[in-house]
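These notes are about the structure you will find just below.
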Amino acid sequence: MSVLDQPGVVEGQTLTQDAIVEADVCIVGSGAGGAVTAARLVKAGLRVIVLEEGGYFTSERFTMKEEDAYPNLYQEAAQRATADLSVALFQGRAVGGTTVVNWTTCFRTPEATLERWRTHHGVTGLDGQTLDPHWSAVEQRLSISQIPLDRVNRNNRLLWDGCEALGWEKDTLHRNVIGCAMSGYCGMGCPVDLKQSMLLTYLPDAMAAGATVLSRCAVDRLESKGERVVAAHARLLDAFGREPTGVRVEVRAARFVLSAGAIGSPAVLLRSDLPDPHGRVGKRTFLHPVIVSAAEYADPVEGYWGAPQGVASHHFAHRGEEVGYFLEAAPVYPLLMATAFPGFGAVHRETAKRLPHYSAHLAIAIDGHHEGEEGGQVRLLPSGRPQLDYTPSPKIFDAFRDAQKNLAREQLATGAQRVVTLHTEPVELRSEKDLARLDDAPYAPNRLGVFSAHQMGGCGMSDDPARGVVRSRDARHHHVENLHVIDGSVFPTSCGVNPQLSIYGLAHFMAGKLAGAPS
Amino acid sequence: MGSAAAAYLGLRGSTELPHPTGPLHSLDPVPFGVLVLFAGRILPFEGADPVAVAHGVDQSLRFATPEARRDLGLVLSVLENGLSGLVTRGSATLFSELSDVDKDEAIRRWGASPSPLLAGATNALRKLCLGVHYATLEHSAELGYPGPRIPKDEPKPIAAREPLSAPWRLAAFGETP
């Protein structure tokens, strides 16, 4: 029996010979979608292999240092960006996917989002009632619970207090942690194995029941014959994930599931010679684009310690014809903040040296929920690597201007000495009367820092093959009978909340369908 | 401008650029040298080593797409080109020949350029330089960052063909595979 036929993690960089593997199901990607799918399918008695481009990093390597975390655990060492370089994209790359580095925030998909999917995007059968048992199963498995207000750090408490002062809706967040040491390093891998990422939950569940996870395995393409995929062709990477080792793996399976995430799943499809008669693959990719407001306080905030996220406000989520947004906090890690602050030289250093005194609050725009909002498109570069063409629309920039004022309002309401935007020429605000200066600030690409930690869409679901890549009832590819896509790339729009629980719930639901389907 | 003059400005080479102190993985020597000078203005204070920063950026770019590496290298070469200098900042003086004050002004102009490639690439290079410098606990302490509160042993270095972690075991389930 080959090592690839045994349950557990096989680290691809250690293999020295090409291999052909056979399985009932081959899953590409071990993140939120792939891990839940693997666990459900293997428990249905299927032989499952999961192929993961990222490395098998466990808590022994979660050093709480950005110099290790970004190259080890993030796509392109956390330097991924949109084609015009205007939006920085933070996306995980590891066994466990982005769940290893996310900030633990869990929300069920809002009913308004599910309704929009049903009424505008040809999705059927997905509503809160249908998904409730799946969310509940995941919430139990991941120990998702609400953080008490007295446990949030000062950075988050300031958001709570600011919203309170202004009469805005707010609440504490649900998180997938057990206990929580409040270290603050969720974004670099939980150093004490308390964050219930896929690394500690559904992947071990799958492996305990017989699944194999092959890490440092980058799938180049899916080979098809007729209307079926017959093999996944992959190359193995070195332990750093930079260079191919020269070893290749071919996986033959009865069924294939793409769970490589937004950008990743469309990229595999684009590299494969599979039908896409309506040109849907890669289109309608959404980002929940984010702007930041940095506020300086007289007393230290120490935003690098404590649970990175504990409070959110959805007070501005629904703004009629305008793009809505929600407010959260962000950890104030030194490299992250130093690179987010604009400028250079002595002025930049003087700003950055006040790091312990900064609070960082975010406005996260809800893209894709209005007519005409088409989001971005994933394309392939000549090297075969994916690139996302996405420029925030004028409506999104309008929302950013509005959000920037509101972020400043809530920070000033809690005593911020000054609030600084992340424009290339930052705007400094010290009182309510300064907010008018934002009316003249440039809200346009590459004029201020815009970020994304939630990538969704690109293989959207719709029962209309002219509008979707996969069917909504089972996430099966419209034109390939044994290929499913089960991850956040199937969202027809952004989901309007932090997406991990939405992906888990959908995966739990779709994998259940797949488990019962004839091969 | 006559074509001969334009050709001269376009082809006029740098007289002296900093050299790498080790192997390069992503950048050619000329863009590397320009990057050292660029880094020297992004981090112009004691304790920052522009050559080390440039080598760090060169390493970091190994994770980027080949196209991004090529584009950033191209932009760095363009910054050191007389003709492009004339177009982008009104002066044919090479970047390496500018005073520190004029280098800073050049960086500001490129960062605000209407060309998305030039503005985006300048900001990307700026962030790469800052990121490399402040990535370590030693330098992030300069910003007042005290480091993690939880003690943690340093793992052994990553080796290209070795496992990253101890083998997965069914310890939680009371069995071994």
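Residue numbering restarts at 1 in every chain; chains get A, B, ... in the order shown in the structure tokens, and ligands count up from 1 in that same order.
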Secondary structure check, strand (DSSP E or B) residues of stretch 267-435 of chain A, as a short mmCIF file (atom, residue, chain, number, x, y, z; two decimals) with all heavy atoms, in the first residue's frame:
data_model
loop_
_atom_site.label_atom_id
_atom_site.label_comp_id
_atom_site.auth_asym_id
_atom_site.auth_seq_id
_atom_site.Cartn_x
_atom_site.Cartn_y
_atom_site.Cartn_z
N THR A 285 -16.65 37.92 -9.17
CA THR A 285 -15.84 37.69 -7.97
C THR A 285 -15.95 38.93 -7.09
O THR A 285 -15.81 40.05 -7.57
CB THR A 285 -14.36 37.44 -8.35
OG1 THR A 285 -14.27 36.25 -9.14
CG2 THR A 285 -13.51 37.25 -7.10
N PHE A 286 -16.25 38.70 -5.82
CA PHE A 286 -16.50 39.80 -4.88
C PHE A 286 -15.52 39.75 -3.72
O PHE A 286 -14.96 38.70 -3.40
CB PHE A 286 -17.95 39.76 -4.40
CG PHE A 286 -18.92 39.94 -5.54
CD1 PHE A 286 -19.57 38.86 -6.12
CD2 PHE A 286 -19.15 41.21 -6.06
CE1 PHE A 286 -20.43 39.04 -7.19
CE2 PHE A 286 -20.01 41.39 -7.13
CZ PHE A 286 -20.65 40.31 -7.70
N VAL A 290 -12.37 46.66 1.92
CA VAL A 290 -12.25 47.24 3.26
C VAL A 290 -11.44 48.52 3.24
O VAL A 290 -10.41 48.59 2.56
CB VAL A 290 -11.51 46.24 4.19
CG1 VAL A 290 -11.22 46.85 5.55
CG2 VAL A 290 -12.30 44.95 4.35
N ILE A 291 -11.88 49.52 3.99
CA ILE A 291 -11.00 50.66 4.31
C ILE A 291 -10.79 50.68 5.81
O ILE A 291 -11.56 50.09 6.57
CB ILE A 291 -11.56 52.01 3.84
CG1 ILE A 291 -12.93 52.28 4.45
CG2 ILE A 291 -11.59 52.07 2.33
CD1 ILE A 291 -13.32 53.74 4.42
N VAL A 292 -9.74 51.34 6.21
CA VAL A 292 -9.32 51.37 7.61
C VAL A 292 -9.32 52.81 8.11
O VAL A 292 -8.98 53.73 7.37
CB VAL A 292 -7.90 50.79 7.76
CG1 VAL A 292 -7.45 50.79 9.22
CG2 VAL A 292 -7.83 49.39 7.19
N SER A 293 -9.69 52.97 9.37
CA SER A 293 -9.51 54.25 10.04
C SER A 293 -8.63 54.01 11.25
O SER A 293 -8.94 53.16 12.09
CB SER A 293 -10.87 54.81 10.47
OG SER A 293 -10.71 56.08 11.05
N ALA A 294 -7.51 54.72 11.31
CA ALA A 294 -6.57 54.55 12.42
C ALA A 294 -6.73 55.74 13.36
O ALA A 294 -6.64 56.88 12.94
CB ALA A 294 -5.14 54.48 11.89
N ALA A 295 -6.98 55.44 14.63
CA ALA A 295 -7.19 56.51 15.61
C ALA A 295 -6.13 56.41 16.70
O ALA A 295 -5.86 55.33 17.19
CB ALA A 295 -8.59 56.41 16.22
N GLU A 296 -5.57 57.55 17.04
CA GLU A 296 -4.54 57.58 18.07
C GLU A 296 -5.14 58.07 19.38
O GLU A 296 -5.87 59.07 19.40
CB GLU A 296 -3.41 58.52 17.64
CG GLU A 296 -2.23 58.51 18.58
CD GLU A 296 -1.12 59.47 18.15
OE1 GLU A 296 -1.10 59.86 16.96
OE2 GLU A 296 -0.29 59.82 19.02
N VAL A 311 -16.37 42.74 18.26
CA VAL A 311 -17.55 43.60 18.15
C VAL A 311 -17.78 43.92 16.68
O VAL A 311 -16.82 44.05 15.91
CB VAL A 311 -17.32 44.91 18.93
CG1 VAL A 311 -18.44 45.92 18.69
CG2 VAL A 311 -17.17 44.63 20.43
N ALA A 312 -19.04 44.03 16.30
CA ALA A 312 -19.37 44.48 14.94
C ALA A 312 -20.61 45.35 14.99
O ALA A 312 -21.46 45.21 15.90
CB ALA A 312 -19.60 43.31 14.00
N SER A 313 -20.73 46.23 14.01
CA SER A 313 -21.95 47.01 13.83
C SER A 313 -22.43 46.85 12.41
O SER A 313 -21.67 47.09 11.47
CB SER A 313 -21.70 48.49 14.12
OG SER A 313 -22.84 49.24 13.74
N ARG A 319 -28.38 50.32 2.98
CA ARG A 319 -28.47 51.75 2.69
C ARG A 319 -29.25 51.98 1.40
O ARG A 319 -28.92 52.88 0.60
CB ARG A 319 -27.06 52.33 2.58
CG ARG A 319 -26.24 52.21 3.88
CD ARG A 319 -24.79 52.64 3.68
NE ARG A 319 -24.68 54.04 3.37
CZ ARG A 319 -23.97 54.54 2.35
NH1 ARG A 319 -23.30 53.73 1.55
NH2 ARG A 319 -23.93 55.84 2.15
N GLU A 322 -27.71 52.69 -2.08
CA GLU A 322 -26.26 52.86 -1.88
C GLU A 322 -25.67 51.56 -1.34
O GLU A 322 -26.35 50.75 -0.69
CB GLU A 322 -25.98 54.00 -0.88
CG GLU A 322 -26.58 55.35 -1.27
CD GLU A 322 -26.14 55.80 -2.65
OE1 GLU A 322 -24.95 55.57 -3.00
OE2 GLU A 322 -26.97 56.36 -3.39
N TYR A 325 -22.34 48.79 4.29
CA TYR A 325 -21.07 48.34 4.86
C TYR A 325 -21.28 48.02 6.33
O TYR A 325 -22.25 48.46 6.96
CB TYR A 325 -19.96 49.39 4.69
CG TYR A 325 -20.33 50.78 5.19
CD1 TYR A 325 -20.12 51.14 6.53
CD2 TYR A 325 -20.88 51.73 4.33
CE1 TYR A 325 -20.47 52.40 6.99
CE2 TYR A 325 -21.23 52.99 4.78
CZ TYR A 325 -21.02 53.33 6.11
OH TYR A 325 -21.38 54.58 6.57
N PHE A 326 -20.39 47.19 6.87
CA PHE A 326 -20.43 46.92 8.30
C PHE A 326 -19.08 47.27 8.92
O PHE A 326 -18.07 47.38 8.21
CB PHE A 326 -20.88 45.48 8.61
CG PHE A 326 -20.12 44.37 7.92
CD1 PHE A 326 -19.19 43.60 8.61
CD2 PHE A 326 -20.38 44.04 6.58
CE1 PHE A 326 -18.52 42.55 8.00
CE2 PHE A 326 -19.72 42.99 5.96
CZ PHE A 326 -18.79 42.25 6.66
N LEU A 327 -19.09 47.48 10.22
CA LEU A 327 -17.91 47.98 10.93
C LEU A 327 -17.37 46.91 11.86
O LEU A 327 -18.13 46.26 12.59
CB LEU A 327 -18.29 49.23 11.77
CG LEU A 327 -19.02 50.36 11.04
CD1 LEU A 327 -19.30 51.50 12.03
CD2 LEU A 327 -18.24 50.86 9.86
N GLU A 328 -16.08 46.71 11.83
CA GLU A 328 -15.41 45.79 12.73
C GLU A 328 -14.05 46.37 13.09
O GLU A 328 -13.66 47.42 12.58
CB GLU A 328 -15.26 44.39 12.09
CG GLU A 328 -16.60 43.68 11.93
CD GLU A 328 -16.51 42.31 11.26
OE1 GLU A 328 -15.46 41.96 10.69
OE2 GLU A 328 -17.53 41.59 11.31
N ALA A 329 -13.33 45.67 13.96
CA ALA A 329 -11.99 46.08 14.33
C ALA A 329 -10.97 45.18 13.66
O ALA A 329 -11.31 44.09 13.18
CB ALA A 329 -11.82 46.01 15.85
N TYR A 358 -2.54 53.12 18.79
CA TYR A 358 -3.50 53.14 17.69
C TYR A 358 -4.62 52.12 17.87
O TYR A 358 -4.40 50.98 18.27
CB TYR A 358 -2.81 52.86 16.35
CG TYR A 358 -2.17 54.08 15.75
CD1 TYR A 358 -0.78 54.24 15.79
CD2 TYR A 358 -2.93 55.09 15.17
CE1 TYR A 358 -0.19 55.36 15.26
CE2 TYR A 358 -2.34 56.22 14.65
CZ TYR A 358 -0.97 56.35 14.70
OH TYR A 358 -0.38 57.47 14.19
N SER A 359 -5.79 52.54 17.50
CA SER A 359 -6.93 51.66 17.31
C SER A 359 -7.17 51.60 15.80
O SER A 359 -7.03 52.61 15.11
CB SER A 359 -8.15 52.27 18.02
OG SER A 359 -9.33 51.77 17.49
N ALA A 360 -7.50 50.42 15.29
CA ALA A 360 -7.79 50.28 13.86
C ALA A 360 -9.19 49.71 13.70
O ALA A 360 -9.47 48.61 14.18
CB ALA A 360 -6.77 49.36 13.19
N HIS A 361 -10.05 50.48 13.06
CA HIS A 361 -11.41 50.03 12.78
C HIS A 361 -11.62 49.98 11.28
O HIS A 361 -11.04 50.77 10.53
CB HIS A 361 -12.44 50.95 13.44
CG HIS A 361 -12.42 50.86 14.94
ND1 HIS A 361 -13.11 51.74 15.75
CD2 HIS A 361 -11.82 49.98 15.79
CE1 HIS A 361 -12.92 51.41 17.03
NE2 HIS A 361 -12.14 50.35 17.06
N LEU A 362 -12.46 49.05 10.87
CA LEU A 362 -12.67 48.78 9.45
C LEU A 362 -14.10 49.08 9.04
O LEU A 362 -15.03 48.89 9.84
CB LEU A 362 -12.45 47.29 9.15
CG LEU A 362 -11.25 46.59 9.73
CD1 LEU A 362 -11.32 45.10 9.39
CD2 LEU A 362 -9.97 47.18 9.16
N ALA A 363 -14.24 49.46 7.78
CA ALA A 363 -15.56 49.46 7.14
C ALA A 363 -15.47 48.46 6.00
O ALA A 363 -14.58 48.58 5.15
CB ALA A 363 -15.94 50.84 6.63
N ILE A 364 -16.36 47.49 5.99
CA ILE A 364 -16.32 46.40 5.03
C ILE A 364 -17.52 46.55 4.10
O ILE A 364 -18.68 46.41 4.53
CB ILE A 364 -16.37 45.05 5.77
CG1 ILE A 364 -15.20 44.98 6.76
CG2 ILE A 364 -16.34 43.89 4.79
CD1 ILE A 364 -15.31 43.90 7.80
N ALA A 365 -17.26 46.87 2.84
CA ALA A 365 -18.34 47.14 1.89
C ALA A 365 -18.97 45.85 1.40
O ALA A 365 -18.28 44.86 1.16
CB ALA A 365 -17.80 47.95 0.70
N GLY A 376 -15.49 41.48 -9.88
CA GLY A 376 -14.27 41.35 -10.65
C GLY A 376 -14.24 40.05 -11.43
O GLY A 376 -15.17 39.25 -11.39
N GLN A 377 -13.14 39.85 -12.15
CA GLN A 377 -12.99 38.64 -12.95
C GLN A 377 -11.62 38.04 -12.74
O GLN A 377 -10.60 38.74 -12.79
CB GLN A 377 -13.19 38.96 -14.43
CG GLN A 377 -13.06 37.74 -15.33
CD GLN A 377 -13.57 37.95 -16.73
OE1 GLN A 377 -14.07 39.03 -17.07
NE2 GLN A 377 -13.46 36.92 -17.55
N VAL A 378 -11.60 36.73 -12.51
CA VAL A 378 -10.35 36.00 -12.41
C VAL A 378 -9.90 35.62 -13.81
O VAL A 378 -10.69 35.08 -14.59
CB VAL A 378 -10.52 34.72 -11.55
CG1 VAL A 378 -9.22 33.90 -11.53
CG2 VAL A 378 -10.94 35.07 -10.14
N ARG A 379 -8.66 35.93 -14.11
CA ARG A 379 -8.07 35.53 -15.40
C ARG A 379 -6.78 34.79 -15.11
O ARG A 379 -6.27 34.83 -13.99
CB ARG A 379 -7.73 36.77 -16.24
CG ARG A 379 -8.90 37.65 -16.57
CD ARG A 379 -8.42 38.84 -17.41
NE ARG A 379 -9.35 39.95 -17.37
CZ ARG A 379 -10.42 40.08 -18.14
NH1 ARG A 379 -10.71 39.15 -19.03
NH2 ARG A 379 -11.21 41.13 -18.05
N LEU A 380 -6.26 34.18 -16.15
CA LEU A 380 -4.97 33.51 -16.01
C LEU A 380 -3.87 34.37 -16.60
O LEU A 380 -4.01 34.94 -17.68
CB LEU A 380 -4.98 32.16 -16.73
CG LEU A 380 -5.85 31.06 -16.13
CD1 LEU A 380 -5.69 29.78 -16.95
CD2 LEU A 380 -5.51 30.79 -14.67
N PRO A 386 -3.27 32.69 -11.30
CA PRO A 386 -4.45 33.53 -11.45
C PRO A 386 -4.17 34.99 -11.11
O PRO A 386 -3.28 35.30 -10.32
CB PRO A 386 -5.41 32.94 -10.41
CG PRO A 386 -4.52 32.35 -9.36
CD PRO A 386 -3.28 31.89 -10.07
N GLN A 387 -4.96 35.84 -11.68
CA GLN A 387 -4.93 37.26 -11.33
C GLN A 387 -6.37 37.76 -11.33
O GLN A 387 -7.17 37.36 -12.19
CB GLN A 387 -4.12 38.06 -12.35
CG GLN A 387 -3.96 39.53 -11.95
CD GLN A 387 -3.10 40.28 -12.94
OE1 GLN A 387 -3.47 40.50 -14.09
NE2 GLN A 387 -1.92 40.66 -12.50
N LEU A 388 -6.69 38.60 -10.38
CA LEU A 388 -8.04 39.12 -10.26
C LEU A 388 -8.08 40.56 -10.75
O LEU A 388 -7.38 41.43 -10.24
CB LEU A 388 -8.51 39.06 -8.79
CG LEU A 388 -9.86 39.70 -8.50
CD1 LEU A 388 -10.98 39.00 -9.26
CD2 LEU A 388 -10.15 39.69 -7.00
N ASP A 389 -8.91 40.77 -11.77
CA ASP A 389 -9.22 42.13 -12.21
C ASP A 389 -10.39 42.61 -11.37
O ASP A 389 -11.50 42.10 -11.55
CB ASP A 389 -9.65 42.16 -13.69
CG ASP A 389 -8.49 42.06 -14.63
OD1 ASP A 389 -7.39 42.50 -14.26
OD2 ASP A 389 -8.68 41.52 -15.74
N ARG A 418 -6.54 61.99 17.49
CA ARG A 418 -6.61 62.26 16.07
C ARG A 418 -6.95 60.97 15.35
O ARG A 418 -6.67 59.88 15.84
CB ARG A 418 -5.29 62.85 15.54
CG ARG A 418 -4.15 61.89 15.56
CD ARG A 418 -2.83 62.55 15.17
NE ARG A 418 -1.83 61.52 14.95
CZ ARG A 418 -1.20 61.30 13.80
NH1 ARG A 418 -1.44 62.06 12.75
NH2 ARG A 418 -0.31 60.34 13.68
N VAL A 419 -7.58 61.13 14.20
CA VAL A 419 -7.95 60.01 13.35
C VAL A 419 -7.26 60.23 12.02
O VAL A 419 -7.24 61.36 11.50
CB VAL A 419 -9.48 59.95 13.16
CG1 VAL A 419 -9.85 58.85 12.16
CG2 VAL A 419 -10.18 59.71 14.49
N VAL A 420 -6.67 59.16 11.49
CA VAL A 420 -5.89 59.28 10.26
C VAL A 420 -6.45 58.30 9.23
O VAL A 420 -6.69 57.13 9.54
CB VAL A 420 -4.41 58.93 10.53
CG1 VAL A 420 -3.59 59.05 9.26
CG2 VAL A 420 -3.84 59.82 11.61
N THR A 421 -6.65 58.81 8.02
CA THR A 421 -7.07 57.91 6.94
C THR A 421 -5.83 57.30 6.30
O THR A 421 -4.71 57.78 6.52
CB THR A 421 -7.88 58.66 5.87
OG1 THR A 421 -6.99 59.54 5.15
CG2 THR A 421 -9.01 59.46 6.50
N HIS A 423 -5.14 57.34 3.07
CA HIS A 423 -4.90 57.89 1.74
C HIS A 423 -3.40 58.03 1.51
O HIS A 423 -2.62 58.15 2.47
CB HIS A 423 -5.54 59.29 1.61
CG HIS A 423 -7.03 59.26 1.48
ND1 HIS A 423 -7.88 59.23 2.57
CD2 HIS A 423 -7.82 59.24 0.38
CE1 HIS A 423 -9.12 59.20 2.14
NE2 HIS A 423 -9.13 59.20 0.82
N GLU A 428 -6.02 64.01 8.21
CA GLU A 428 -6.00 63.94 9.67
C GLU A 428 -7.22 64.68 10.20
O GLU A 428 -7.52 65.80 9.79
CB GLU A 428 -4.72 64.59 10.19
CG GLU A 428 -4.52 64.40 11.68
CD GLU A 428 -3.16 64.92 12.13
OE1 GLU A 428 -2.14 64.37 11.71
OE2 GLU A 428 -3.15 65.88 12.92
N LEU A 429 -7.90 64.01 11.12
CA LEU A 429 -9.16 64.56 11.65
C LEU A 429 -9.05 64.63 13.16
O LEU A 429 -8.69 63.63 13.80
CB LEU A 429 -10.32 63.65 11.24
CG LEU A 429 -10.38 63.28 9.76
CD1 LEU A 429 -11.22 62.04 9.53
CD2 LEU A 429 -10.93 64.44 8.95
#
Legend entry - chain B contacts on chain A, only C-alpha atoms, 8 Å, as a ChimeraX atom specification: /A:6-9,11,13-14,55-58,60-61,63-67,71,76-77,79-80,84-86,183,204,208,238-240,242,305,334-336,338-340,344-346,349,352-356,381-383,385,424,446-447
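For the set A:Ala436, A:Val268, A:Cys26, A:Leu199, the residue with the smallest atom-to-atom gap to A:Ser59 is A:Leu199, counting only C-alpha atoms.
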Inset, instruction - Going by DSSP on the backbone, which bits of stretch 149-374 of chain A are alpha helix (DSSP H)? Write them as number ranges by chain, please. - result: A: 154-166, 202-208, 264-271, 334-340, 345-352
Inset, instruction - Tell me which of A:His477, A:Val347, A:Gly29, A:Ala181 sits closest to A:Asp464, counting only C-alpha atoms. - result: A:His477
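Taking atom CA of A:Gly306 and atom CA of A:Arg409 as endpoints, the distance between them is 24.0 Å.
You can rank A:Ser265, A:Ser30, A:Thr113, A:Thr119 by their closest distance to A:Ser462 using only C-alpha atoms, and at the top of that list sits A:Thr119.
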Inset, instruction - For atom CA of A:Ala298 and atom CA of A:Thr414, quote the distance in Å rounded to one decimal. - result: 11.3 Å
Inset, instruction - Rounded to one decimal place, report the atom CA of A:His278-atom CA of A:Val480 distance in Å. - result: 14.1 Å
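Counting only C-alpha atoms and comparing A:Thr493, A:Ser224, A:Thr391, A:Gln196, the residue that lies closest to A:Ala83 is A:Thr391.
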Inset, instruction - Find the residues around A:Thr104 up to 9 Å (only C-alpha atoms counted), leave out those fewer than 5 positions away in its own chain, and share them as an MDAnalysis selection string. - result: chainID A and resid 99 174:177 186 195:197 307:309 500
Export of prior selection with C-alpha atoms as a tab-separated table (two decimals), in the first residue's frame:
chain	number	residue	atom	x	y	z
A	99	THR	CA	-9.46	29.14	8.39
A	174	HIS	CA	-19.55	34.69	17.68
A	175	ARG	CA	-16.17	32.96	17.40
A	176	ASN	CA	-14.96	29.44	16.70
A	177	VAL	CA	-12.70	29.04	19.72
A	186	CYS	CA	-5.37	34.38	15.20
A	195	LYS	CA	-9.03	28.37	17.45
A	196	GLN	CA	-11.20	25.66	15.96
A	197	SER	CA	-9.92	25.90	12.41
A	307	ALA	CA	-9.04	38.63	20.36
A	308	PRO	CA	-8.61	40.55	17.08
A	309	GLN	CA	-12.36	40.82	16.55
A	500	GLN	CA	-16.62	31.30	7.04
Legend entry - Residue among A:Asp440, A:Asp474, A:Glu22, A:Glu410 lying closest to A:Asp161, counting only C-alpha atoms: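 Closest to A:Asp161 of all the choices is A:Glu410.
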